[in-house]
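Chemist: Pasting run-v8.txt below, which is compact mmCIF, C-alpha atoms.
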# COMPACT_ATOMS: atom_id res chain seq x y z
CA GLU H 86 0.00 0.00 0.00
CA ALA H 87 2.82 2.37 0.90
CA LEU H 88 4.61 1.52 -2.33
CA GLY H 89 1.33 2.03 -4.18
CA GLU H 90 0.96 5.55 -2.79
CA GLU H 91 4.57 6.33 -3.64
CA SER H 92 4.20 4.95 -7.18
CA ARG H 93 1.69 7.69 -8.05
CA ARG H 94 4.60 10.12 -7.92
CA LEU H 95 7.29 7.77 -9.23
CA THR H 96 9.19 8.59 -12.37
CA ARG H 97 10.01 5.91 -14.91
CA GLU H 98 13.58 5.92 -13.60
CA GLN H 99 12.38 5.21 -10.05
CA LEU H 100 10.08 2.41 -11.18
CA PHE H 101 12.96 0.71 -13.00
CA THR H 102 15.10 1.14 -9.88
CA VAL H 103 12.45 -0.60 -7.76
CA ALA H 104 12.15 -3.44 -10.29
CA ALA H 105 15.92 -3.97 -10.45
CA THR H 106 16.47 -3.92 -6.69
CA ALA H 107 13.46 -6.17 -6.14
CA SER H 108 15.05 -8.72 -8.50
CA ILE H 109 18.33 -8.80 -6.54
CA ASN H 110 16.49 -9.00 -3.20
CA PHE H 111 14.44 -11.95 -4.40
CA SER H 112 17.10 -13.84 -6.35
CA SER H 113 19.87 -13.45 -3.77
CA MET H 114 17.68 -14.60 -0.89
CA ILE H 115 16.23 -17.58 -2.70
CA CYS H 116 19.74 -18.72 -3.74
CA PHE H 117 20.97 -18.24 -0.18
CA SER H 118 18.06 -19.96 1.57
CA ILE H 119 17.83 -23.13 -0.55
CA LEU H 120 20.81 -24.55 1.36
CA GLY H 121 18.99 -24.69 4.69
CA PRO H 122 16.84 -27.85 4.37
CA PHE H 123 19.41 -30.24 2.85
CA PHE H 124 22.98 -28.91 2.67
CA PRO H 125 23.94 -29.51 6.36
CA SER H 126 22.98 -33.20 6.14
CA GLU H 127 24.56 -33.52 2.66
CA ALA H 128 27.80 -31.97 3.95
CA GLU H 129 27.86 -34.40 6.89
CA LYS H 130 27.74 -37.28 4.40
CA LYS H 131 30.79 -35.75 2.71
CA GLY H 132 32.77 -35.75 5.95
CA ALA H 133 32.07 -32.21 7.24
CA SER H 134 31.28 -31.85 10.94
CA ASN H 135 28.59 -29.50 12.26
CA THR H 136 31.26 -26.96 13.16
CA VAL H 137 32.71 -27.08 9.65
CA VAL H 138 29.24 -26.64 8.13
CA GLY H 139 28.86 -23.53 10.28
CA LEU H 140 32.23 -22.28 9.02
CA ILE H 141 31.14 -22.83 5.41
CA PHE H 142 28.09 -20.66 6.02
CA GLY H 143 30.26 -18.20 7.92
CA CYS H 144 32.88 -18.05 5.15
CA PHE H 145 30.29 -16.48 2.84
CA ALA H 146 29.62 -13.79 5.42
CA LEU H 147 33.27 -13.08 6.26
CA VAL H 148 34.21 -12.50 2.61
CA ASN H 149 31.03 -10.46 2.22
CA PHE H 150 32.12 -8.32 5.19
CA LEU H 151 35.56 -7.55 3.72
CA VAL H 152 34.28 -6.90 0.20
CA ALA H 153 31.43 -4.65 1.39
CA LEU H 154 33.87 -2.51 3.40
CA ILE H 155 36.09 -2.04 0.35
CA LEU H 156 33.33 -1.48 -2.20
CA GLY H 157 31.47 0.98 0.05
CA ASN H 158 34.50 3.27 -0.09
CA TYR H 159 34.98 2.96 -3.86
CA LEU H 160 31.37 2.92 -5.05
CA THR H 161 31.61 6.27 -6.87
CA HIS H 162 34.84 5.22 -8.61
CA ILE H 163 33.52 1.84 -9.81
CA GLY H 164 29.98 2.96 -10.59
CA ALA H 165 26.84 1.78 -8.82
CA LYS H 166 25.20 0.25 -11.91
CA PHE H 167 28.30 -1.67 -13.01
CA MET H 168 28.84 -2.98 -9.46
CA PHE H 169 25.20 -4.08 -9.26
CA VAL H 170 25.14 -5.96 -12.58
CA ALA H 171 28.62 -7.49 -12.23
CA GLY H 172 27.74 -8.66 -8.71
CA MET H 173 24.62 -10.44 -9.98
CA PHE H 174 26.62 -12.19 -12.69
CA VAL H 175 29.29 -13.45 -10.27
CA SER H 176 26.64 -14.56 -7.77
CA GLY H 177 24.73 -16.53 -10.44
CA CYS H 178 27.92 -18.30 -11.58
CA GLY H 179 28.83 -19.09 -7.95
CA THR H 180 25.40 -20.63 -7.33
CA ILE H 181 25.75 -22.93 -10.36
CA LEU H 182 29.26 -23.97 -9.31
CA PHE H 183 27.99 -24.86 -5.83
CA GLY H 184 25.62 -27.34 -7.47
CA MET H 185 28.56 -29.21 -8.94
CA LEU H 186 30.23 -29.94 -5.61
CA ASP H 187 28.52 -33.31 -5.08
CA LYS H 188 30.83 -34.67 -7.83
CA VAL H 189 33.85 -33.78 -5.71
CA PRO H 190 35.47 -36.50 -3.51
CA SER H 191 34.51 -36.46 0.17
CA GLY H 192 36.79 -35.02 2.82
CA PRO H 193 39.22 -32.09 2.57
CA THR H 194 38.72 -31.61 -1.20
CA PHE H 195 34.96 -31.18 -0.83
CA ILE H 196 35.32 -28.90 2.20
CA GLY H 197 38.00 -26.75 0.55
CA LEU H 198 35.98 -26.24 -2.63
CA CYS H 199 32.89 -25.40 -0.56
CA PHE H 200 34.85 -22.56 1.04
CA LEU H 201 36.22 -21.37 -2.31
CA VAL H 202 32.90 -21.33 -4.18
CA ARG H 203 31.09 -19.68 -1.27
CA ALA H 204 33.78 -16.99 -1.23
CA VAL H 205 33.26 -16.30 -4.95
CA ASP H 206 29.49 -16.13 -4.41
CA ALA H 207 30.03 -13.73 -1.49
CA VAL H 208 32.02 -11.30 -3.65
CA GLY H 209 29.14 -11.05 -6.12
CA PHE H 210 26.50 -10.82 -3.40
CA ALA H 211 28.38 -8.05 -1.56
CA ALA H 212 28.83 -6.01 -4.73
CA ALA H 213 25.18 -6.27 -5.77
CA MET H 214 23.70 -5.54 -2.33
CA THR H 215 26.04 -2.63 -1.53
CA ALA H 216 25.17 -1.00 -4.86
CA SER H 217 21.48 -1.80 -4.34
CA PHE H 218 21.22 0.05 -1.00
CA SER H 219 23.02 3.08 -2.44
CA ILE H 220 20.88 3.25 -5.56
CA LEU H 221 17.66 2.97 -3.56
CA ALA H 222 18.69 5.69 -1.12
CA LYS H 223 19.65 7.94 -4.02
CA ALA H 224 16.37 7.35 -5.85
CA PHE H 225 14.15 7.71 -2.74
CA PRO H 226 15.90 10.13 -0.36
CA ASN H 227 12.74 11.02 1.60
CA ASN H 228 11.13 7.58 1.85
CA ILE H 229 14.03 5.18 2.12
CA ALA H 230 12.63 3.17 5.06
CA THR H 231 9.22 2.83 3.39
CA VAL H 232 10.72 1.63 0.12
CA LEU H 233 13.19 -0.67 1.89
CA GLY H 234 10.34 -2.12 3.95
CA CYS H 235 8.21 -2.73 0.85
CA LEU H 236 11.11 -4.34 -0.99
CA GLU H 237 11.67 -6.63 1.98
CA ILE H 238 8.54 -8.37 0.71
CA PHE H 239 10.74 -9.73 -2.09
CA THR H 240 13.46 -10.61 0.42
CA GLY H 241 10.88 -12.49 2.47
CA LEU H 242 9.44 -14.08 -0.67
CA GLY H 243 12.90 -15.39 -1.53
CA LEU H 244 13.30 -16.72 2.01
CA VAL H 245 9.80 -18.23 1.84
CA LEU H 246 10.22 -19.98 -1.50
CA GLY H 247 13.88 -20.98 -1.08
CA PRO H 248 13.64 -23.70 1.61
CA PRO H 249 10.53 -25.53 0.32
CA LEU H 250 11.61 -25.18 -3.31
CA GLY H 251 15.14 -26.31 -2.49
CA GLY H 252 13.84 -29.22 -0.41
CA PHE H 253 11.41 -30.30 -3.15
CA LEU H 254 13.97 -30.09 -5.98
CA TYR H 255 16.56 -31.89 -3.87
CA GLN H 256 14.14 -34.67 -2.95
CA SER H 257 12.90 -35.04 -6.55
CA PHE H 258 16.01 -34.50 -8.68
CA GLY H 259 19.06 -34.58 -6.41
CA TYR H 260 21.69 -32.14 -5.24
CA GLU H 261 22.60 -30.35 -8.50
CA VAL H 262 19.20 -29.23 -9.81
CA PRO H 263 18.26 -26.63 -7.12
CA PHE H 264 21.52 -24.68 -7.59
CA ILE H 265 21.69 -24.91 -11.39
CA THR H 266 18.04 -23.85 -11.80
CA LEU H 267 18.29 -20.81 -9.56
CA GLY H 268 21.75 -19.83 -10.79
CA CYS H 269 20.44 -19.73 -14.36
CA ILE H 270 17.51 -17.55 -13.27
CA VAL H 271 19.97 -15.05 -11.75
CA LEU H 272 22.02 -15.02 -14.96
CA VAL H 273 18.89 -14.34 -17.04
CA LEU H 274 18.17 -11.30 -14.83
CA VAL H 275 21.61 -9.81 -15.55
CA PRO H 276 20.88 -8.52 -19.11
CA VAL H 277 17.40 -7.43 -18.00
CA ASN H 278 18.86 -5.21 -15.27
CA MET H 279 21.54 -3.90 -17.64
CA CYS H 280 18.71 -2.47 -19.75
CA ILE H 281 16.33 -1.15 -17.10
CA LEU H 282 18.57 0.05 -14.24
CA PRO H 283 19.27 3.81 -14.40
CA LYS H 284 22.83 5.07 -14.08
CA TYR H 285 23.48 7.34 -11.09
CA ASP H 286 26.58 9.50 -11.29
CA SER H 287 28.11 11.40 -8.40
CA ILE H 288 31.17 13.34 -7.36
CA PRO H 289 33.30 11.65 -4.66
CA SER H 290 32.92 13.45 -1.34
CA LYS H 291 35.36 13.97 1.50
CA GLY H 292 33.41 11.76 3.92
CA SER H 293 35.61 9.34 5.82
CA PHE H 294 34.53 5.78 6.54
CA TRP H 295 36.35 5.78 9.89
CA LYS H 296 34.82 9.12 10.84
CA LEU H 297 31.40 7.57 10.27
CA ILE H 298 31.94 4.28 12.08
CA LEU H 299 33.56 5.93 15.14
CA LEU H 300 30.44 7.98 15.92
CA PRO H 301 29.04 6.50 19.19
CA LYS H 302 25.50 6.22 17.87
CA VAL H 303 26.65 4.55 14.64
CA LEU H 304 28.73 2.07 16.65
CA LEU H 305 25.63 1.04 18.61
CA LEU H 306 23.59 0.74 15.42
CA CYS H 307 26.37 -1.45 13.99
CA LEU H 308 26.03 -3.66 17.08
CA THR H 309 22.29 -3.90 16.37
CA ILE H 310 22.92 -4.97 12.75
CA PHE H 311 25.54 -7.47 13.89
CA SER H 312 23.33 -9.01 16.57
CA LEU H 313 20.30 -9.43 14.29
CA SER H 314 22.39 -11.01 11.55
CA ALA H 315 24.16 -13.31 14.02
CA CYS H 316 20.83 -14.55 15.36
CA LEU H 317 19.44 -15.13 11.87
CA GLY H 318 22.66 -16.74 10.61
CA PHE H 319 22.70 -19.13 13.57
CA LEU H 320 19.58 -20.82 12.19
CA ASP H 321 21.08 -21.72 8.79
CA PRO H 322 23.35 -24.63 9.80
CA THR H 323 21.48 -25.73 12.93
CA MET H 324 17.71 -25.42 12.61
CA SER H 325 17.16 -28.01 9.86
CA LEU H 326 19.20 -30.61 11.76
CA PHE H 327 17.19 -29.90 14.93
CA ILE H 328 13.86 -30.22 13.08
CA LEU H 329 14.91 -33.49 11.41
CA LYS H 330 16.06 -34.96 14.71
CA LYS H 331 13.36 -33.61 17.02
CA PHE H 332 10.21 -33.72 14.89
CA LYS H 333 11.23 -36.46 12.40
CA LEU H 334 10.11 -34.45 9.35
CA PRO H 335 11.32 -35.30 5.80
CA ALA H 336 13.59 -32.79 4.01
CA GLY H 337 10.76 -31.51 1.81
CA TYR H 338 8.70 -30.51 4.85
CA VAL H 339 11.59 -28.95 6.72
CA GLY H 340 11.51 -26.04 4.29
CA LEU H 341 7.88 -25.35 5.22
CA VAL H 342 8.87 -24.72 8.84
CA PHE H 343 11.07 -21.86 7.61
CA LEU H 344 7.92 -20.16 6.27
CA GLY H 345 6.91 -18.91 9.71
CA LEU H 346 9.96 -16.65 10.03
CA ALA H 347 10.10 -15.50 6.41
CA LEU H 348 6.39 -14.73 6.05
CA SER H 349 6.10 -12.72 9.25
CA TYR H 350 9.23 -10.73 8.34
CA SER H 351 8.16 -9.93 4.79
CA LEU H 352 4.55 -9.05 5.69
CA SER H 353 5.45 -6.80 8.63
CA SER H 354 8.35 -4.97 6.94
CA PRO H 355 6.26 -2.56 4.77
CA LEU H 356 4.27 -1.40 7.80
CA LEU H 357 7.42 -1.00 9.90
CA GLY H 358 9.09 0.94 7.09
CA LEU H 359 6.11 3.26 6.76
CA LEU H 360 6.08 3.88 10.52
CA SER H 361 9.81 4.57 10.45
CA ASP H 362 9.43 7.25 7.75
CA LYS H 363 6.20 8.86 8.92
CA LEU H 364 7.05 8.81 12.65
CA PRO H 365 10.86 9.03 12.89
CA TYR H 366 10.78 9.33 16.70
CA LEU H 367 9.46 5.74 16.82
CA ARG H 368 12.68 4.34 15.31
CA LYS H 369 14.50 4.27 18.63
CA TRP H 370 11.67 2.36 20.31
CA LEU H 371 11.45 -0.10 17.43
CA LEU H 372 15.19 -0.75 17.69
CA VAL H 373 15.14 -1.31 21.45
CA SER H 374 11.95 -3.38 21.68
CA GLY H 375 12.92 -5.41 18.59
CA GLY H 376 16.26 -6.39 20.14
CA LEU H 377 14.71 -7.40 23.47
CA MET H 378 11.90 -9.33 21.79
CA THR H 379 14.39 -11.19 19.58
CA ALA H 380 16.41 -12.20 22.65
CA LEU H 381 13.30 -13.54 24.39
CA CYS H 382 12.23 -15.48 21.30
CA PHE H 383 15.61 -17.20 20.95
CA PHE H 384 15.44 -18.15 24.61
CA MET H 385 12.07 -19.81 23.87
CA LEU H 386 13.07 -21.36 20.53
CA GLY H 387 14.61 -24.54 21.97
CA PRO H 388 13.24 -23.78 24.49
CA ALA H 389 16.08 -23.26 26.99
CA PRO H 390 16.46 -26.34 29.25
CA VAL H 391 16.08 -24.24 32.43
CA LEU H 392 12.40 -23.75 31.51
CA HIS H 393 11.74 -27.52 31.53
CA ILE H 394 9.30 -27.18 28.59
CA GLU H 395 9.07 -29.94 26.00
CA SER H 396 9.60 -28.61 22.47
CA GLN H 397 6.57 -28.99 20.20
CA LEU H 398 6.27 -28.22 16.49
CA TRP H 399 3.43 -25.70 16.81
CA MET H 400 5.30 -23.76 19.49
CA PHE H 401 8.50 -23.84 17.43
CA VAL H 402 6.71 -22.35 14.40
CA LEU H 403 4.98 -19.70 16.57
CA VAL H 404 8.33 -18.56 17.99
CA LEU H 405 9.75 -18.35 14.45
CA VAL H 406 6.83 -16.09 13.47
CA LEU H 407 7.61 -13.79 16.40
CA ILE H 408 11.32 -13.80 15.51
CA GLY H 409 10.48 -12.66 11.96
CA PHE H 410 8.46 -9.74 13.30
CA SER H 411 11.04 -8.74 15.92
CA LEU H 412 13.87 -8.85 13.37
CA GLY H 413 11.89 -6.47 11.16
CA MET H 414 11.34 -4.09 14.08
CA SER H 415 15.09 -3.64 14.47
CA ALA H 416 16.38 -4.13 10.91
CA ILE H 417 14.13 -1.74 8.97
CA PRO H 418 14.84 1.51 10.93
CA VAL H 419 18.63 1.00 11.10
CA PHE H 420 19.58 2.28 7.63
CA PRO H 421 17.68 5.61 7.83
CA GLU H 422 18.85 6.05 11.42
CA ILE H 423 22.52 5.77 10.37
CA LEU H 424 21.89 8.22 7.50
CA HIS H 425 20.23 10.68 9.88
CA CYS H 426 23.15 10.45 12.29
CA ALA H 427 25.62 11.05 9.44
CA TYR H 428 23.74 14.17 8.32
CA GLU H 429 23.66 15.46 11.91
CA ASN H 430 27.46 15.14 12.08
CA GLY H 431 28.20 17.12 8.94
CA PHE H 432 28.51 14.46 6.22
CA GLU H 433 27.76 15.66 2.69
CA GLU H 434 24.56 14.34 1.14
CA GLY H 435 25.08 12.30 -2.03
CA LEU H 436 25.82 8.91 -3.54
CA SER H 437 29.29 8.84 -1.98
CA LEU H 438 27.85 8.95 1.55
CA LEU H 439 25.21 6.41 0.57
CA GLY H 440 28.01 4.12 -0.57
CA LEU H 441 29.71 4.47 2.83
CA VAL H 442 26.48 3.75 4.73
CA SER H 443 25.40 0.83 2.51
CA GLY H 444 28.91 -0.64 2.67
CA LEU H 445 28.88 -0.33 6.46
CA PHE H 446 25.42 -1.89 6.69
CA SER H 447 26.37 -4.80 4.42
CA ALA H 448 29.68 -5.29 6.23
CA MET H 449 28.16 -5.40 9.72
CA TRP H 450 25.38 -7.69 8.55
CA SER H 451 27.98 -10.00 7.01
CA LEU H 452 30.13 -9.95 10.15
CA GLY H 453 27.12 -11.10 12.15
CA ALA H 454 26.32 -13.70 9.50
CA PHE H 455 29.85 -15.03 10.00
CA ALA H 456 29.76 -15.08 13.81
CA GLY H 457 26.24 -16.56 13.97
CA PRO H 458 26.77 -19.81 12.01
CA THR H 459 30.37 -20.25 13.22
CA LEU H 460 29.63 -19.85 16.93
CA GLY H 461 26.21 -21.44 16.53
CA GLY H 462 27.59 -24.56 14.83
CA PHE H 463 30.17 -24.97 17.60
CA LEU H 464 27.65 -24.43 20.42
CA ASN H 465 25.12 -26.71 18.75
CA GLU H 466 27.70 -29.48 18.55
CA LYS H 467 28.89 -29.06 22.15
CA LEU H 468 25.71 -28.04 24.03
CA GLY H 469 22.77 -28.90 21.78
CA PHE H 470 20.32 -26.66 19.92
CA GLU H 471 18.33 -25.66 23.04
CA TRP H 472 21.28 -24.09 24.88
CA ALA H 473 22.88 -22.80 21.66
CA SER H 474 19.79 -20.79 20.66
CA ALA H 475 19.41 -19.36 24.18
CA ILE H 476 23.06 -18.22 24.20
CA GLN H 477 22.75 -16.83 20.67
CA GLY H 478 19.89 -14.59 21.82
CA GLY H 479 22.40 -12.86 24.10
CA TRP H 480 23.62 -10.81 21.11
CA ALA H 481 20.15 -9.30 20.64
CA LEU H 482 19.76 -8.76 24.40
CA LEU H 483 23.08 -6.90 24.53
CA SER H 484 22.23 -4.65 21.57
CA GLY H 485 18.71 -3.92 22.86
CA LEU H 486 19.93 -2.95 26.33
CA ALA H 487 22.88 -0.90 25.02
CA THR H 488 20.70 0.99 22.53
CA GLY H 489 18.05 1.64 25.18
CA ILE H 490 20.62 3.02 27.64
CA PHE H 491 22.10 5.25 24.91
CA TYR H 492 18.74 6.73 23.89
CA ILE H 493 17.73 7.32 27.53
CA THR H 494 21.07 9.05 28.21
CA GLU H 495 20.70 11.13 25.05
CA ALA H 496 17.18 12.22 26.01
CA THR H 497 18.35 13.13 29.53
CA ARG H 498 21.17 15.28 28.19
CA ARG H 499 18.86 17.09 25.79
CA SER H 500 16.30 17.84 28.47
CA SER H 501 18.96 19.15 30.84
CA SER H 502 20.46 21.33 28.09
CA LEU H 503 17.02 22.77 27.36
CA GLN H 504 16.46 23.57 31.02
CA ASN H 505 19.95 25.11 31.38
CA PRO H 506 20.95 26.48 27.97
CA PRO H 507 24.67 27.21 27.64
CA GLY H 508 25.54 30.87 27.94
CA ASN H 509 22.60 31.77 30.21
CA ASN H 510 24.87 32.67 33.14
CA GLU H 511 27.10 34.81 30.93
CA GLU H 512 24.11 36.59 29.39
CA ARG H 513 22.58 37.18 32.82
CA SER H 514 25.78 38.68 34.26
CA HIS H 515 26.18 40.84 31.14
CA LEU H 516 22.64 42.21 31.51
CA MET H 517 23.16 42.89 35.23
CA GLY H 518 26.38 44.72 34.42
CA SER H 519 24.69 46.89 31.78
CA GLU H 520 21.87 47.73 34.20
CA THR H 521 24.33 48.94 36.86
Could the structure of this file be written out as C-alpha cells, please?
Modeler:
Amino acid sequence: EALGEESRRLTREQLFTVAATASINFSSMICFSILGPFFPSEAEKKGASNTVVGLIFGCFALVNFLVALILGNYLTHIGAKFMFVAGMFVSGCGTILFGMLDKVPSGPTFIGLCFLVRAVDAVGFAAAMTASFSILAKAFPNNIATVLGCLEIFTGLGLVLGPPLGGFLYQSFGYEVPFITLGCIVLVLVPVNMCILPKYDSIPSKGSFWKLILLPKVLLLCLTIFSLSACLGFLDPTMSLFILKKFKLPAGYVGLVFLGLALSYSLSSPLLGLLSDKLPYLRKWLLVSGGLMTALCFFMLGPAPVLHIESQLWMFVLVLVLIGFSLGMSAIPVFPEILHCAYENGFEEGLSLLGLVSGLFSAMWSLGAFAGPTLGGFLNEKLGFEWASAIQGGWALLSGLATGIFYITEATRRSSSLQNPPGNNEERSHLMGSET
C-alpha cells in the first residue's frame, strides 16, 4: 500500500530502480536460503562436521564483510550500476558452481571447494547488495525506510520460496538441480537489469569511513545490525538438523517450517518501514523493543532447558513467526537512522555517503552472519540446539539494552540542556552589568 501511494509520484527511472532492486532481493535470498533444508545433512555425508558446516556458512559472510567494506569506499569510482550488474553475474555463476560440488570427492577436497565457491558467491552478493542500498537511497531520499520495507517483501518471498523449493527439488532431482536452476535464473536477470537500471553518477565526497563508524550512535547501530544477523545466521546450519532430529520431518517438509519466520518478516516490513518514515521518533523504540523481543524469542526457541518445557512443532513455528516480526522491528529503521546520524554530524549528502552507509550496513550484517553460524555450529555441537539458541539470543539482548541506555542518556542530556541552555549565566551577568 505504501509503495502504491509512492508509485503515483514515481518517475520511470524510479520504477525501474524498484524493479531492479526487487530482483536482486528476491534472487539473492532464494539462492541463499535453498541450502537450509538439505545442505547440512549432505555436507555431513561428505565428511564435514557441524562446526565445519557452520564455518562454510560463515565463510560467505566473512568474505562479504571484507568486500562490502572495500566497495562501500569505492562505489563512486567503480559505478553503482556496473557494481550491481557485475555482482549479480558473479553470484549466479557461484550458485551454479555450488551445485557441482557433489561430484567432488569427500573429505578435505569437498570442504576446501565449498569454502572457495562460497567466497566467490560472497564477492558477487556483496557487490550487488552494496550498490542496491546506495541506488535505492539515491532514488528515494525522503522515503528510504518505506521503500526498503516494501522491498523486503521480495526478500521475504525469496526466504519463503527458497527452503521448500530447495527441499522439493533436492528430494525429486538430487543435489545439483536446485543450484543450477536458480543460478540460471539469476544469470537471465543480468541482461534485463543492464537495460532497465538507471545510471546514477556522483562526485566523490570527503566523507571518511572511519569518521562515520567511530560515531558513538553509529557504533551502537552497527552492534544492532551485527546481533540481528548473528541470530538469523545461527539458524542456517542448525535449525534443519534440529527439526529433522526432534520432529522427524522429511527434508521436503523442513523447508515449510522456515515459512513462519520468512512470512512474518516480509509481511510486517512494509508497515514497519512506513512507521519509520512517517514517525521518525518511533525508530528508537522499534530498535530497542525489537532487540529485546528477539532475545526472548531465541530463549524460547529450543526452548532453553532451564524452563523444563518440552519442544513442540506448533510452538516452534509460533516462535519463528515472532522472531520474523522482531527482526523487522530492528532491521528496517537501522539504515535511515545511520543516515540521519551522518547528516547530523556534517557528512555531505550524495551517492558517496550512501556508498559508505550501505557498505557499512552490508559489512556489519555480514560480520554477524559469520559469527552466527560459526559460533552457533560450535555451540550446537557441544551443548545442543536448546542451549545454543538461548546463548545466541544474548547478542540481541546486549544490543537492545545498550541501545536503550544510549537513547535514555541522550534524552536526559537534551532535556537538561534545554532547562539550562549554555551561555545563560554569561548573558545574565552581562545584563546585570549593563543595568548597573
Chemist: Of the residues H:Cys307, H:Leu356, H:Ala207, H:Cys116, which is the one nearest to Gly453 (chain H), using only C-alpha atoms?
Modeler: H:Cys307
Chemist: Let me make sure I understand: among H:Leu482, H:Val208, H:Ser451, H:Phe470, which one has the smallest atom-to-atom distance to Lys330 (chain H) if we use all atoms listed in the file?
Modeler: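 Ranking H:Leu482, H:Val208, H:Ser451, H:Phe470 by distance to Lys330 (chain H), first place goes to H:Phe470.
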Chemist: May I ask which of the residues H:Leu313, H:Val202, H:Leu304, H:Val170 is the closest one to Thr488 (chain H), counting only C-alpha atoms?
Modeler: H:Leu304
Chemist: Kindly provide, as AutoDock Vina command-line options, the centre and edge lengths (Å, one decimal) of an axis-aligned box around all atoms of region 170-189 of chain H given in the file, with 5 Å on each side.
Modeler:
--center_x 29.2 --center_y -20.3 --center_z -8.9 --size_x 19.2 --size_y 38.7 --size_z 17.6
Chemist: Which is closest to Leu381 (chain H) among H:Ser353, H:Ser314, H:Ser474, H:Ser447, if we use all atoms listed in the file?
Modeler: H:Ser474
